[in-house]
$ cat upload-v9.cif   # mmCIF, C-alpha atoms
data_upload
loop_
_atom_site.group_PDB
_atom_site.id
_atom_site.type_symbol
_atom_site.label_atom_id
_atom_site.label_comp_id
_atom_site.auth_asym_id
_atom_site.auth_seq_id
_atom_site.Cartn_x
_atom_site.Cartn_y
_atom_site.Cartn_z
ATOM 1 C CA GLU A 1 17.992 119.955 99.687
ATOM 2 C CA VAL A 2 17.057 116.398 100.611
ATOM 3 C CA GLU A 3 17.820 113.987 97.808
ATOM 4 C CA LEU A 4 17.476 110.209 97.466
ATOM 5 C CA VAL A 5 18.802 108.491 94.350
ATOM 6 C CA GLU A 6 18.149 104.808 93.757
ATOM 7 C CA SER A 7 20.135 102.537 91.460
ATOM 8 C CA GLY A 8 20.866 98.880 90.842
ATOM 9 C CA GLY A 9 17.641 97.712 89.280
ATOM 10 C CA GLY A 10 17.492 95.611 86.154
ATOM 11 C CA LEU A 11 16.167 92.539 84.412
ATOM 12 C CA VAL A 12 16.779 89.224 86.150
ATOM 13 C CA GLN A 13 15.497 85.681 85.840
ATOM 14 C CA PRO A 14 13.422 84.065 88.585
ATOM 15 C CA GLY A 15 15.709 82.902 91.358
ATOM 16 C CA GLY A 16 18.239 85.601 90.585
ATOM 17 C CA SER A 17 19.594 88.397 92.741
ATOM 18 C CA LEU A 18 20.023 92.161 92.641
ATOM 19 C CA ASN A 19 21.471 94.707 95.022
ATOM 20 C CA LEU A 20 19.723 98.063 95.115
ATOM 21 C CA SER A 21 21.376 101.220 96.414
ATOM 22 C CA CYS A 22 19.998 104.555 97.542
ATOM 23 C CA GLU A 23 22.449 107.423 97.842
ATOM 24 C CA ALA A 24 21.272 110.171 100.169
ATOM 25 C CA SER A 25 22.250 113.804 100.583
ATOM 26 C CA GLY A 26 20.994 116.975 102.212
ATOM 27 C CA PHE A 27 20.433 115.576 105.709
ATOM 28 C CA VAL A 28 22.251 113.756 108.512
ATOM 29 C CA PHE A 29 21.790 110.265 107.153
ATOM 30 C CA SER A 30 22.573 108.371 110.364
ATOM 31 C CA ARG A 31 19.785 110.068 112.322
ATOM 32 C CA TYR A 32 16.826 108.771 110.304
ATOM 33 C CA PRO A 33 15.090 105.438 109.823
ATOM 34 C CA LEU A 34 14.764 104.646 106.132
ATOM 35 C CA SER A 35 12.551 102.335 104.139
ATOM 36 C CA TRP A 36 12.111 100.655 100.801
ATOM 37 C CA PHE A 37 8.748 100.621 99.043
ATOM 38 C CA ARG A 38 7.701 99.185 95.703
ATOM 39 C CA GLN A 39 4.909 99.687 93.227
ATOM 40 C CA SER A 40 3.776 97.495 90.369
ATOM 41 C CA PRO A 41 1.632 98.825 87.495
ATOM 42 C CA GLY A 42 -1.968 99.053 88.569
ATOM 43 C CA LYS A 43 -1.190 98.286 92.202
ATOM 44 C CA GLU A 44 -0.843 100.401 95.312
ATOM 45 C CA LEU A 45 2.461 101.362 96.823
ATOM 46 C CA GLU A 46 3.683 98.493 99.020
ATOM 47 C CA TRP A 47 6.018 98.759 102.001
ATOM 48 C CA VAL A 48 8.962 96.359 101.699
ATOM 49 C CA SER A 49 11.397 96.976 104.558
ATOM 50 C CA THR A 50 12.622 99.492 107.135
ATOM 51 C CA ILE A 51 15.916 99.946 108.941
ATOM 52 C CA GLY A 52 16.180 102.038 112.068
ATOM 53 C CA THR A 53 18.986 104.243 113.279
ATOM 54 C CA GLY A 54 20.189 101.398 115.486
ATOM 55 C CA ASP A 55 20.105 98.982 112.552
ATOM 56 C CA THR A 56 16.934 97.260 113.678
ATOM 57 C CA THR A 57 15.159 95.864 110.630
ATOM 58 C CA SER A 58 11.666 94.826 109.638
ATOM 59 C CA TYR A 59 10.286 93.220 106.496
ATOM 60 C CA ALA A 60 7.026 92.611 104.720
ATOM 61 C CA THR A 61 5.939 88.992 104.959
ATOM 62 C CA SER A 62 6.211 88.624 101.185
ATOM 63 C CA VAL A 63 9.967 89.345 101.184
ATOM 64 C CA LYS A 64 11.123 88.129 104.593
ATOM 65 C CA GLY A 65 13.975 85.658 104.282
ATOM 66 C CA ARG A 66 14.744 86.747 100.704
ATOM 67 C CA PHE A 67 15.516 90.475 100.999
ATOM 68 C CA THR A 68 18.032 92.144 103.299
ATOM 69 C CA ILE A 69 18.074 95.850 104.121
ATOM 70 C CA SER A 70 21.253 97.529 105.336
ATOM 71 C CA ARG A 71 22.844 100.939 105.591
ATOM 72 C CA ASP A 72 26.320 102.419 105.471
ATOM 73 C CA ASN A 73 26.253 105.669 107.414
ATOM 74 C CA ALA A 74 29.801 106.549 106.335
ATOM 75 C CA LYS A 75 28.689 106.451 102.695
ATOM 76 C CA ASN A 76 25.185 107.901 103.251
ATOM 77 C CA THR A 77 23.832 104.897 101.389
ATOM 78 C CA LEU A 78 20.913 102.554 101.952
ATOM 79 C CA TYR A 79 20.894 99.086 100.392
ATOM 80 C CA LEU A 80 18.414 96.338 99.617
ATOM 81 C CA GLN A 81 19.771 92.920 98.691
ATOM 82 C CA LEU A 82 17.178 90.966 96.740
ATOM 83 C CA ASN A 83 17.678 87.195 96.567
ATOM 84 C CA ASN A 84 15.584 84.365 95.150
ATOM 85 C CA LEU A 85 13.584 86.850 93.119
ATOM 86 C CA LYS A 86 10.097 85.951 91.975
ATOM 87 C CA ILE A 87 8.046 87.262 89.074
ATOM 88 C CA GLU A 88 5.759 88.982 91.561
ATOM 89 C CA ASP A 89 8.720 91.052 92.804
ATOM 90 C CA THR A 90 8.618 93.000 89.542
ATOM 91 C CA ALA A 91 8.069 96.641 90.470
ATOM 92 C CA MET A 92 9.560 100.089 90.738
ATOM 93 C CA TYR A 93 11.515 100.223 93.993
ATOM 94 C CA TYR A 94 11.813 103.438 95.987
ATOM 95 C CA CYS A 95 13.758 104.430 99.063
ATOM 96 C CA SER A 96 11.962 106.748 101.420
ATOM 97 C CA GLY A 97 12.126 108.478 104.768
ATOM 98 C CA MET A 98 10.473 111.121 106.902
ATOM 99 C CA ILE A 99 13.157 113.773 106.783
ATOM 100 C CA TYR A 100 12.708 117.044 108.631
ATOM 101 C CA GLY A 101 9.040 116.166 109.130
ATOM 102 C CA ARG A 102 8.318 115.639 105.449
ATOM 103 C CA GLY A 103 8.173 112.529 103.339
ATOM 104 C CA ALA A 104 11.069 112.140 100.950
ATOM 105 C CA ARG A 105 11.315 109.611 98.148
ATOM 106 C CA GLY A 106 13.640 108.994 95.255
ATOM 107 C CA GLN A 107 12.764 108.563 91.600
ATOM 108 C CA GLY A 108 12.904 104.790 91.846
ATOM 109 C CA THR A 109 14.748 101.944 90.173
ATOM 110 C CA GLN A 110 12.963 99.312 88.091
ATOM 111 C CA VAL A 111 13.255 95.631 88.957
ATOM 112 C CA THR A 112 11.905 93.204 86.372
ATOM 113 C CA VAL A 113 11.857 89.482 87.044
ATOM 114 C CA SER A 114 11.156 87.468 83.944
ATOM 115 C CA SER A 115 12.205 84.255 82.259
#
$ encode --input "upload-v9.cif" --output "structure tokens"
Amino acid sequence: EVELVESGGGLVQPGGSLNLSCEASGFVFSRYPLSWFRQSPGKELEWVSTIGTGDTTSYATSVKGRFTISRDNAKNTLYLQLNNLKIEDTAMYYCSGMIYGRGARGQGTQVTVSS
């Protein structure tokens, strides 16, 4: 069974940092590109970043230069380092991938940026 479990969210002040993790199981982790998405109340799901199997990365314009995606294939874990957080970064963050031809997504971890 494919499973993605996010953690690391929390409450942080503007300008602060968080490091999100996504532990994966049920598939060969190293063979799949993986992504982070986020969703704020009342807004659509927004793509944040993707990392390929060869560690190529891409970012949404809104987070480029502040967020860093990475993966540890030995630990089957995906990461998202969030720096210089802004109030508008407040959202539920999800890791996601197309695994075995089907979309998989975790339950999410909440990031709240507030003074």
$ atom_distance --input "upload-v9.cif" --atom1 "CA of Lys43 (chain A)" --atom2 "CA of Tyr93 (chain A)"
13.0 Å
$ axis_aligned_box --input "upload-v9.cif" --around "region 84-87 of chain A" --padding-each-side "6 Å" --output "lines of an AutoDock Vina configuration file"
center_x = 11.8
center_y = 85.8
center_z = 92.1
size_x = 19.5
size_y = 14.9
size_z = 18.1
$ atom_distance --input "upload-v9.cif" --atom1 "CA of Lys75 (chain A)" --atom2 "CA of Gly97 (chain A)"
16.8 Å
$ closest_residue --input "upload-v9.cif" --among "A:Gly65, A:Ser49, A:Gly16, A:Gly42" --to "Leu80 (chain A)" --atoms "only C-alpha atoms"
A:Ser49
$ closest_residue --input "upload-v9.cif" --among "A:Val111, A:Gly8, A:Ser25, A:Arg102" --to "Ala74 (chain A)" --atoms "all atoms listed in the file"
A:Ser25
$ resolve_selection --input "upload-v9.cif" --expression "the PyMOL selection byres ((chain A and resi 81) around 9)" --output "number ranges by chain"
A: 17-21, 66-70, 79-80, 82-83
$ atom_distance --input "upload-v9.cif" --atom1 "CA of Asp72 (chain A)" --atom2 "CA of Gly52 (chain A)"
12.1 Å
$ closest_residue --input "upload-v9.cif" --among "A:Pro14, A:Thr77, A:Met98, A:Thr90" --to "Gln110 (chain A)" --atoms "all atoms listed in the file"
A:Thr90
$ resolve_selection --input "upload-v9.cif" --expression "the PyMOL selection byres ((chain A and resi 96) around 7)" --output "PDB file with C-alpha atoms, keeping the file's coordinate frame"
ATOM      1  CA  LEU A  34      14.764 104.646 106.132  1.00  0.00           C
ATOM      2  CA  SER A  35      12.551 102.335 104.139  1.00  0.00           C
ATOM      3  CA  TRP A  36      12.111 100.655 100.801  1.00  0.00           C
ATOM      4  CA  TYR A  94      11.813 103.438  95.987  1.00  0.00           C
ATOM      5  CA  CYS A  95      13.758 104.430  99.063  1.00  0.00           C
ATOM      6  CA  GLY A  97      12.126 108.478 104.768  1.00  0.00           C
ATOM      7  CA  ALA A 104      11.069 112.140 100.950  1.00  0.00           C
ATOM      8  CA  ARG A 105      11.315 109.611  98.148  1.00  0.00           C
ATOM      9  CA  GLY A 106      13.640 108.994  95.255  1.00  0.00           C
TER      10      GLY A 106
END
$ residues_around --input "upload-v9.cif" --residues "Arg31 (chain A)" --least-positions-apart "6" --cutoff "12 Å" --atoms "only C-alpha atoms" --output "number ranges by chain"
A: 51-55, 71, 73, 76, 97-100
$ write_last_selection --input "upload-v9.cif" --atoms "C-alpha atoms" --output "compact mmCIF listing (two decimals), keeping the file's coordinate frame"
# COMPACT_ATOMS: atom_id res chain seq x y z
CA ILE A 51 15.92 99.95 108.94
CA GLY A 52 16.18 102.04 112.07
CA THR A 53 18.99 104.24 113.28
CA GLY A 54 20.19 101.40 115.49
CA ASP A 55 20.10 98.98 112.55
CA ARG A 71 22.84 100.94 105.59
CA ASN A 73 26.25 105.67 107.41
CA ASN A 76 25.18 107.90 103.25
CA GLY A 97 12.13 108.48 104.77
CA MET A 98 10.47 111.12 106.90
CA ILE A 99 13.16 113.77 106.78
CA TYR A 100 12.71 117.04 108.63
$ resolve_selection --input "upload-v9.cif" --expression "the PyMOL selection byres ((chain A and resi 91) around 9)" --output "VMD selection string"
chain A and resid 38 to 41 88 to 90 92 to 93 109 to 113
$ closest_residue --input "upload-v9.cif" --among "A:Ser7, A:Gln13, A:Thr61, A:Thr50" --to "Ile87 (chain A)" --atoms "all atoms listed in the file"
A:Gln13
$ build_atoms --input "upload-v9.cif" --residues "region 9-29 of chain A" --atoms "N, CA, C and O atoms" --output "PDB file, in the frame of the given file"
ATOM      1  N   GLY A   9      18.693  98.536  89.842  1.00  0.00           N
ATOM      2  CA  GLY A   9      17.641  97.712  89.280  1.00  0.00           C
ATOM      3  C   GLY A   9      18.057  97.110  87.949  1.00  0.00           C
ATOM      4  O   GLY A   9      19.118  97.420  87.399  1.00  0.00           O
ATOM      5  N   GLY A  10      17.197  96.226  87.433  1.00  0.00           N
ATOM      6  CA  GLY A  10      17.492  95.611  86.154  1.00  0.00           C
ATOM      7  C   GLY A  10      16.575  94.450  85.870  1.00  0.00           C
ATOM      8  O   GLY A  10      15.587  94.232  86.584  1.00  0.00           O
ATOM      9  N   LEU A  11      16.914  93.718  84.823  1.00  0.00           N
ATOM     10  CA  LEU A  11      16.167  92.539  84.412  1.00  0.00           C
ATOM     11  C   LEU A  11      16.903  91.299  84.912  1.00  0.00           C
ATOM     12  O   LEU A  11      18.115  91.145  84.680  1.00  0.00           O
ATOM     13  N   VAL A  12      16.181  90.424  85.584  1.00  0.00           N
ATOM     14  CA  VAL A  12      16.779  89.224  86.150  1.00  0.00           C
ATOM     15  C   VAL A  12      15.807  88.067  86.023  1.00  0.00           C
ATOM     16  O   VAL A  12      14.580  88.271  86.011  1.00  0.00           O
ATOM     17  N   GLN A  13      16.341  86.869  85.925  1.00  0.00           N
ATOM     18  CA  GLN A  13      15.497  85.681  85.840  1.00  0.00           C
ATOM     19  C   GLN A  13      14.984  85.285  87.221  1.00  0.00           C
ATOM     20  O   GLN A  13      15.617  85.628  88.246  1.00  0.00           O
ATOM     21  N   PRO A  14      13.888  84.573  87.293  1.00  0.00           N
ATOM     22  CA  PRO A  14      13.422  84.065  88.585  1.00  0.00           C
ATOM     23  C   PRO A  14      14.525  83.280  89.290  1.00  0.00           C
ATOM     24  O   PRO A  14      15.258  82.523  88.655  1.00  0.00           O
ATOM     25  N   GLY A  15      14.642  83.514  90.583  1.00  0.00           N
ATOM     26  CA  GLY A  15      15.709  82.902  91.358  1.00  0.00           C
ATOM     27  C   GLY A  15      16.981  83.716  91.418  1.00  0.00           C
ATOM     28  O   GLY A  15      17.889  83.393  92.205  1.00  0.00           O
ATOM     29  N   GLY A  16      17.045  84.764  90.632  1.00  0.00           N
ATOM     30  CA  GLY A  16      18.239  85.601  90.585  1.00  0.00           C
ATOM     31  C   GLY A  16      18.303  86.602  91.726  1.00  0.00           C
ATOM     32  O   GLY A  16      17.438  86.633  92.606  1.00  0.00           O
ATOM     33  N   SER A  17      19.346  87.425  91.674  1.00  0.00           N
ATOM     34  CA  SER A  17      19.594  88.397  92.741  1.00  0.00           C
ATOM     35  C   SER A  17      19.924  89.770  92.160  1.00  0.00           C
ATOM     36  O   SER A  17      20.426  89.882  91.040  1.00  0.00           O
ATOM     37  N   LEU A  18      19.632  90.790  92.946  1.00  0.00           N
ATOM     38  CA  LEU A  18      20.023  92.161  92.641  1.00  0.00           C
ATOM     39  C   LEU A  18      20.352  92.863  93.952  1.00  0.00           C
ATOM     40  O   LEU A  18      19.844  92.483  95.016  1.00  0.00           O
ATOM     41  N   ASN A  19      21.178  93.892  93.849  1.00  0.00           N
ATOM     42  CA  ASN A  19      21.471  94.707  95.022  1.00  0.00           C
ATOM     43  C   ASN A  19      21.147  96.162  94.695  1.00  0.00           C
ATOM     44  O   ASN A  19      21.786  96.770  93.834  1.00  0.00           O
ATOM     45  N   LEU A  20      20.134  96.684  95.338  1.00  0.00           N
ATOM     46  CA  LEU A  20      19.723  98.063  95.115  1.00  0.00           C
ATOM     47  C   LEU A  20      20.453  98.997  96.077  1.00  0.00           C
ATOM     48  O   LEU A  20      20.730  98.636  97.213  1.00  0.00           O
ATOM     49  N   SER A  21      20.736 100.199  95.588  1.00  0.00           N
ATOM     50  CA  SER A  21      21.376 101.220  96.414  1.00  0.00           C
ATOM     51  C   SER A  21      20.546 102.491  96.392  1.00  0.00           C
ATOM     52  O   SER A  21      19.837 102.759  95.418  1.00  0.00           O
ATOM     53  N   CYS A  22      20.660 103.258  97.458  1.00  0.00           N
ATOM     54  CA  CYS A  22      19.998 104.555  97.542  1.00  0.00           C
ATOM     55  C   CYS A  22      20.984 105.533  98.173  1.00  0.00           C
ATOM     56  O   CYS A  22      21.278 105.437  99.358  1.00  0.00           O
ATOM     57  N   GLU A  23      21.505 106.427  97.353  1.00  0.00           N
ATOM     58  CA  GLU A  23      22.449 107.423  97.842  1.00  0.00           C
ATOM     59  C   GLU A  23      21.691 108.656  98.325  1.00  0.00           C
ATOM     60  O   GLU A  23      20.844 109.191  97.609  1.00  0.00           O
ATOM     61  N   ALA A  24      21.997 109.071  99.543  1.00  0.00           N
ATOM     62  CA  ALA A  24      21.272 110.171 100.169  1.00  0.00           C
ATOM     63  C   ALA A  24      22.158 111.396 100.349  1.00  0.00           C
ATOM     64  O   ALA A  24      23.363 111.281 100.536  1.00  0.00           O
ATOM     65  N   SER A  25      21.537 112.558 100.330  1.00  0.00           N
ATOM     66  CA  SER A  25      22.250 113.804 100.583  1.00  0.00           C
ATOM     67  C   SER A  25      21.274 114.844 101.107  1.00  0.00           C
ATOM     68  O   SER A  25      20.058 114.694 100.969  1.00  0.00           O
ATOM     69  N   GLY A  26      21.817 115.874 101.743  1.00  0.00           N
ATOM     70  CA  GLY A  26      20.994 116.975 102.212  1.00  0.00           C
ATOM     71  C   GLY A  26      20.456 116.824 103.621  1.00  0.00           C
ATOM     72  O   GLY A  26      19.689 117.674 104.075  1.00  0.00           O
ATOM     73  N   PHE A  27      20.855 115.763 104.322  1.00  0.00           N
ATOM     74  CA  PHE A  27      20.433 115.576 105.709  1.00  0.00           C
ATOM     75  C   PHE A  27      21.436 114.659 106.403  1.00  0.00           C
ATOM     76  O   PHE A  27      22.276 114.029 105.749  1.00  0.00           O
ATOM     77  N   VAL A  28      21.337 114.612 107.740  1.00  0.00           N
ATOM     78  CA  VAL A  28      22.251 113.756 108.512  1.00  0.00           C
ATOM     79  C   VAL A  28      21.722 112.330 108.433  1.00  0.00           C
ATOM     80  O   VAL A  28      20.830 111.933 109.195  1.00  0.00           O
ATOM     81  N   PHE A  29      22.293 111.593 107.533  1.00  0.00           N
ATOM     82  CA  PHE A  29      21.790 110.265 107.153  1.00  0.00           C
ATOM     83  C   PHE A  29      21.607 109.342 108.350  1.00  0.00           C
ATOM     84  O   PHE A  29      20.595 108.655 108.467  1.00  0.00           O
TER      85      PHE A  29
END
